[in-house]
Amino acid sequence: LTGYVGFDSITQQIEKKLLKRGFTFNLMVVGRTGLGKSTLVNTIFASHLIDSKAPKRAADAPRQTTEITSVTNVIEENGVRLKLTITDTPGYGDQVNNENCWEPIIKYIKEQYSQYLRKELTPARERRIPDTRVHAILFFISPTGHALTPLDITVLKRLSEYANVIPVIAKSDSLTMEERQAFKRRIKDEIEFHGIRCYPYIDSVEDDVLLEGERIDRGVVQAIRDMIPFAVVGSERNIVIDGNAVRGRRTRWGMVNVEDESHCEFTHLRNFLTRTHLQDMIETTAVVHYEAFRTKQLLALKE
Ligand code: GDP
Ligand code: MG
């Protein structure tokens, strides 16, 4: 028993430290007012993180399409801390004239990169630069069952140049299963036709996908990818189904349990965002999007 130095505990200490430090994850939601953005975020993180009531404003006040707000919460699960910031972009696309309505969003994303770069270039830089870079954008598509709008296409295209964009079909309980599948097919085709690069990228290097510490099958990951855009339903209320209180909605067609995979793809989206791809989205933001921004800025400085 003598001679045991205990080097091996170092790895445990490092891991513990990393776990204690936790993750920073910044999620942005984009889409028209009333599509259930706030509700979905609150459903995913199982708590009331952002206000899902329409913002109070004077009746005669113009709608603010440029007002971007962020809310930060620290969530802890089994000793792992997640510093979660939700950035809401209210009123997007609600105007009669939506020309350049995406500009404030792009500006916000770039500003976070800029801030990070400035801190990185400071001689006495902080050991850990606070990360406010947007790691993922949930893009809410209206459940029309027809097609993406020209505005959707433009905005998807622009946003995907700067960040990881994940499209979802909002309020999918308003479509039948057949309508959802056809709509999804159509959206996938349009995304491909217009050369929009949605996350996850096919060409990105992604080796290990871990789910709750266990390696998950690549086939499963591919199946999840094929599901994009996720057809989701959100709810902040419980309903009683078969004697159990579940997160759900009462609809014209019957009860929807948002966590039931045969009712909608909410759980798939939640797993994707909070488990299988969380780390990858953070890395991709740093390695792909921020790096592209950084290179461009530094080249411009040289000239
Ligand atoms: P936001 O403006 O995009 O943030 O939308 P909210 O989250 O405030 O939701 C607007 C309204 O739609 C609220 O009355 C919600 O209860 C309702 N809602 C939210 N998600 C869903 C959904 O998945 N299905 C249906 N049918 N209604 C929803
Ligand atoms: Mg909202």
# chains A, B, ... in the order shown; residues from 1 in each chain; ligands from 1

call {"tool": "residues_near_ligand", "arguments": {"ligand": "ligand 1", "cutoff": "9 Å", "atoms": "only C-alpha atoms and all ligand atoms", "output": "JSON, numbers by chain"}}
result
{"A": [29, 30, 31, 32, 33, 34, 35, 36, 37, 38, 39, 40, 41, 42, 50, 51, 52, 53, 54, 55, 88, 89, 90, 91, 140, 170, 171, 172, 173, 174, 232, 233, 234, 235, 236, 237, 248, 249, 250, 251, 258]}

call {"tool": "residues_around", "arguments": {"residues": "Leu82 in chain A", "least_positions_apart": "4", "cutoff": "8 Å", "atoms": "only C-alpha atoms", "output": "JSON, numbers by chain"}}
result
{"A": [22, 23, 24, 25, 74, 75, 76]}

call {"tool": "closest_residue", "arguments": {"among": "A:Leu121, A:Lys302, A:Tyr162, A:Arg127", "to": "Ala286 in chain A", "atoms": "only C-alpha atoms"}}
result
A:Tyr162

call {"tool": "select_by_dssp", "arguments": {"residues": "range 92-180 of chain A", "states": "alpha helix (DSSP H)", "output": "JSON, numbers by chain"}}
result
{"A": [103, 104, 105, 106, 107, 108, 109, 110, 111, 112, 113, 114, 115, 116, 117, 118, 119, 120, 121, 150, 151, 152, 153, 154, 155, 156, 157, 158, 159, 160, 177, 178, 179, 180]}

call {"tool": "atom_distance", "arguments": {"atom1": "CA of Leu84 in chain A", "atom2": "CA of Arg270 in chain A"}}
result
14.2 Å

call {"tool": "atom_distance", "arguments": {"atom1": "CA of Arg197 in chain A", "atom2": "CA of Val288 in chain A"}}
result
12.4 Å

call {"tool": "residues_around", "arguments": {"residues": "Ala147 in chain A", "least_positions_apart": "5", "cutoff": "7 Å", "atoms": "only C-alpha atoms", "output": "ChimeraX atom specification"}}
result
/A:183,186-187

call {"tool": "atom_distance", "arguments": {"atom1": "CA of Pro130 in chain A", "atom2": "CA of Arg21 in chain A"}}
result
12.2 Å

call {"tool": "residues_around", "arguments": {"residues": "Phe293 in chain A", "least_positions_apart": "6", "cutoff": "12 Å", "atoms": "only C-alpha atoms", "output": "PyMOL selection string"}}
result
chain A and resi 109-117+133+161-163+285-287+299-300

call {"tool": "closest_residue", "arguments": {"among": "A:Asn244, A:Ser47, A:Thr69, A:Lys188", "to": "ligand 2", "atoms": "only C-alpha atoms and all ligand atoms"}}
result
A:Thr69

call {"tool": "residues_around", "arguments": {"residues": "Asp152 in chain A", "least_positions_apart": "4", "cutoff": "8 Å", "atoms": "only C-alpha atoms", "output": "ChimeraX atom specification"}}
result
/A:141,148,156

call {"tool": "write_last_selection", "arguments": {"atoms": "N, CA and C atoms", "output": "PDB file, in the first residue's frame"}}
result
ATOM      1  N   ILE A 141     -40.597  28.808 -37.239  1.00  0.00           N
ATOM      2  CA  ILE A 141     -41.318  28.877 -38.514  1.00  0.00           C
ATOM      3  C   ILE A 141     -42.814  28.781 -38.222  1.00  0.00           C
ATOM      4  N   LEU A 148     -41.797  28.166 -46.596  1.00  0.00           N
ATOM      5  CA  LEU A 148     -41.124  29.276 -45.929  1.00  0.00           C
ATOM      6  C   LEU A 148     -41.518  30.557 -46.657  1.00  0.00           C
ATOM      7  N   LEU A 156     -33.040  33.420 -42.531  1.00  0.00           N
ATOM      8  CA  LEU A 156     -32.313  32.170 -42.277  1.00  0.00           C
ATOM      9  C   LEU A 156     -30.924  32.234 -42.896  1.00  0.00           C
TER      10      LEU A 156
END
